[in-house]
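Student: Structure provided below as structure tokens; questions to follow.
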Amino acid sequence: MHRFANPARFMRLSAALLPWCAVASALLIGIGLYLALFVAPPDYQQGEAVRIMFIHVPAAWMASFVYAVMALASAIALIWRHPLADIAAQSAAPLGAGFTLLCLVTGSLWGEPMWGTWWVWDARLTSVLVLFFLYLGYIALVNAFDEPVRGARAGAILALVGVVNLPIIKFSVDWWNTLHQPASVFRMGGPTIDASMLWPLLIMALGFTLLFVTLLMIRMRTALIAAKIRALRVAEIEF
Amino acid sequence: MSAFRRLVARDLRLALRQGGDAATVVAFFVLTVVLFPFGVGPEAALLARIAAGIVWVTALLAALLSLERIFQADYEDGSLEALALMPLPLEAQVLAKCLAHWLVTGLPLTLVAPLLALLLHLDAAGYPALLLGMALGTPTLSLIGAIGAALSLGARRGGVLLSLLVLPLYIPVLIFGVAAIEAAIGGFPARPHLLLLGALLAAALPLAPLAAAAALRQALE
């Protein structure tokens, strides 16, 4: 792992990977959207509105996944003082907040025609909202200190504390009897969703994941370059 | 063990001598609850319907208000660094400070809550659930709050930041606290909700001091 602690090596590696990830994510999301909007059949109950699912569900997966990535990076940063892990966690946070917001907004748009309401205080919705606030709290905490190192440390601890929310989100639909439907893809006994809808969904999910990887690399590269510029400025002042 | 006891006694003495921490928190609690009849109207049926929620939300805010005091003063005058050198592990010190904080805020809040519920015409069946729920829930609030208080030490706009960090983590306590009272009033057993509150406390008791002590260590570096 410490092979990748070298920023110069990371810059080289990410520069090589970045175009591939960007193109692959654009292709997958393009194909996924085409399949989702034109090929997949309308639902027998929900009609055309079911197509919101192809954005909503991958966004929801990403909301939890990005938090898990952030928490893992925070743990690595705290345990091994890995310099890139801190940057990775901080760069992932706004992306995760974005995916969570996308999930909440599309869910709201989907809820209006299906449940007849924009919002209900259901366990799944509430726990995702809490996840959104956790992201915001993390971002605020990281930026609240004069020394960036302290912000990073404090943020890492907060990210690990917030992990308790992840299982609550995942199992909220099983523990409480709610309006939100229970899991239909990742469950014991295989998915209950039809293949004609499952495939576009999985392609979209993969596309979203690659989009996250692409954006994360861009943000990490920007953060590293910004740090280098700051170091150069400070060196200039000292002369 | 005696170091633990002495630390609790020190924090209690400081809280009592520095002038009415407990009194301020309770006054805030009472005043905020009293605002509600002015805000939503004095109609008894309506107040009784929302009494459980009002009391719990206000207690949450009152507990939040006093969190900064757990570590802030010790951090500013440097005694936190002296405490960190004690043979007593930092985790145990956090636990001692949480206990002291609960004794000056959580306990008075628990004792005053039934009185305020009376003002709001809470159904008689709800009182045992309210009292038990507050007794189980408020220590959790102190423990989770200690993490936020330790994390925001030395931050800019610490107070506002603290509420942003801590309130999302307080939501489960609020949910089960109110659910216990609602269940009791509706004629259902309040026991499952109270057990869940107990479970939250049982989880926070060992885990929160670990996180708060880690946060203190990085604040003292």
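The chains in the structure tokens are called A, B, ... from first to last as shown; in each chain the residues are counted from 1, and the ligands are counted from 1 in the order shown.
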Considering only C-alpha atoms, return as an MDAnalysis selection string whatever protein or nucleic-acid residues lie within 12 Å of Cys21 of chain A, sequence-local ones (same chain, fewer than 3 positions apart) excluded.
Tutor: chainID A and resid 14:18 24:29 206:218
Student: Can I get the selected residues back with C-alpha atoms, as a CSV table (one decimal), in the first residue's frame?
Tutor:
chain,number,residue,atom,x,y,z
A,14,SER,CA,-3.8,8.5,-12.5
A,15,ALA,CA,-2.8,10.4,-15.6
A,16,ALA,CA,-2.6,7.0,-17.5
A,17,LEU,CA,-5.9,5.7,-16.1
A,18,LEU,CA,-8.0,8.9,-16.2
A,24,ALA,CA,-15.7,3.9,-20.2
A,25,SER,CA,-18.0,5.7,-17.7
A,26,ALA,CA,-19.4,8.0,-20.5
A,27,LEU,CA,-20.0,4.9,-22.7
A,28,LEU,CA,-21.6,2.9,-20.0
A,29,ILE,CA,-23.8,5.7,-18.8
A,206,LEU,CA,-21.1,0.4,-13.2
A,207,GLY,CA,-21.2,3.6,-15.1
A,208,PHE,CA,-21.9,5.6,-12.0
A,209,THR,CA,-19.0,3.8,-10.2
A,210,LEU,CA,-16.6,4.6,-13.0
A,211,LEU,CA,-17.8,8.2,-13.0
A,212,PHE,CA,-17.1,8.4,-9.3
A,213,VAL,CA,-13.6,6.9,-9.8
A,214,THR,CA,-12.9,9.4,-12.6
A,215,LEU,CA,-14.1,12.4,-10.6
A,216,LEU,CA,-12.3,11.2,-7.5
A,217,MET,CA,-9.0,11.0,-9.5
A,218,ILE,CA,-9.6,14.5,-10.9
Student: For a quick test of understanding: name the residues of chain A lying within 9 Å of chain B when counting only C-alpha atoms, and present them as a PyMOL selection string.
Tutor: chain A and resi 129-131+133-134+136-138+140-141+143-146+150-151+153-155+157-158+160-162+165
Student: Residues at most 12 Å from Pro41 of chain A, counting only C-alpha atoms, excluding those fewer than 6 positions away in the same chain, as a list in words?
Tutor: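 Skipping anything fewer than 6 positions along the chain leaves Leu35, Gly47, Glu48, Ala49, Val50, Arg51, Asp194, Ala195, Ser196, Met197, Leu198 and Pro200 of chain A.
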Student: Those residues you just picked out, can you put them in a file as a compact mmCIF listing (two decimals), in the first residue's frame with N, CA and C atoms?
Tutor:
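In the end it all went to result.txt:
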# COMPACT_ATOMS: atom_id res chain seq x y z
N LEU A 35 -30.69 2.09 -22.93
CA LEU A 35 -31.45 0.89 -22.57
C LEU A 35 -32.58 1.24 -21.60
N GLY A 47 -45.93 2.08 -14.93
CA GLY A 47 -45.86 2.72 -16.24
C GLY A 47 -44.46 3.25 -16.52
N GLU A 48 -44.43 4.43 -17.17
CA GLU A 48 -43.15 4.98 -17.59
C GLU A 48 -42.35 5.53 -16.41
N ALA A 49 -43.04 5.84 -15.31
CA ALA A 49 -42.34 6.48 -14.18
C ALA A 49 -41.26 5.58 -13.60
N VAL A 50 -41.34 4.28 -13.89
CA VAL A 50 -40.36 3.35 -13.34
C VAL A 50 -38.95 3.68 -13.84
N ARG A 51 -38.87 4.41 -14.95
CA ARG A 51 -37.54 4.71 -15.51
C ARG A 51 -36.70 5.59 -14.58
N ASP A 194 -36.93 -8.25 -13.02
CA ASP A 194 -36.80 -8.95 -14.30
C ASP A 194 -35.52 -8.56 -15.01
N ALA A 195 -34.97 -9.52 -15.80
CA ALA A 195 -33.68 -9.30 -16.47
C ALA A 195 -33.71 -8.08 -17.38
N SER A 196 -34.86 -7.80 -18.02
CA SER A 196 -34.91 -6.67 -18.94
C SER A 196 -34.71 -5.35 -18.22
N MET A 197 -34.97 -5.32 -16.91
CA MET A 197 -34.73 -4.11 -16.14
C MET A 197 -33.43 -4.21 -15.38
N LEU A 198 -33.04 -5.44 -15.02
CA LEU A 198 -31.84 -5.62 -14.21
C LEU A 198 -30.60 -5.20 -14.99
N PRO A 200 -30.02 -3.00 -17.66
CA PRO A 200 -29.74 -1.55 -17.71
C PRO A 200 -29.34 -0.99 -16.35
Student: Rounded to one decimal place, report the atom CA of Thr100 of chain A-atom CA of Arg219 of chain A distance in Å.
Tutor: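 Taking atom CA of Thr100 of chain A and atom CA of Arg219 of chain A, their separation equals 18.1 Å.
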Student: Using 10 Å as the limit and counting only C-alpha atoms, can you tabulate each residue of segment 31-128 of chain B that touches segment 186-193 of chain B, with its shortest atom-to-atom distance in Å and the two atoms involved, as CSV?
Tutor:
residue,atom,partner,partner_atom,distance
B:Asp123,CA,B:Gly186,CA,9.7
B:Ala125,CA,B:Gly187,CA,8.2
B:Gly126,CA,B:Gly186,CA,9.0
B:Pro128,CA,B:Ala190,CA,9.2
Student: Just write the chosen residues, N, CA and C atoms, as a compact mmCIF listing (two decimals), in the first residue's frame.
Tutor:
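Okay, this is what ended up in out-v7.txt:
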# COMPACT_ATOMS: atom_id res chain seq x y z
N ASP B 123 -50.76 12.49 28.15
CA ASP B 123 -51.62 11.44 28.70
C ASP B 123 -50.92 10.72 29.85
N ALA B 125 -50.76 7.78 30.83
CA ALA B 125 -50.11 6.50 30.54
C ALA B 125 -48.68 6.69 30.02
N GLY B 126 -48.35 7.91 29.58
CA GLY B 126 -47.05 8.12 28.95
C GLY B 126 -45.92 8.41 29.92
N PRO B 128 -44.44 6.89 32.71
CA PRO B 128 -43.34 5.94 32.97
C PRO B 128 -42.40 5.83 31.77
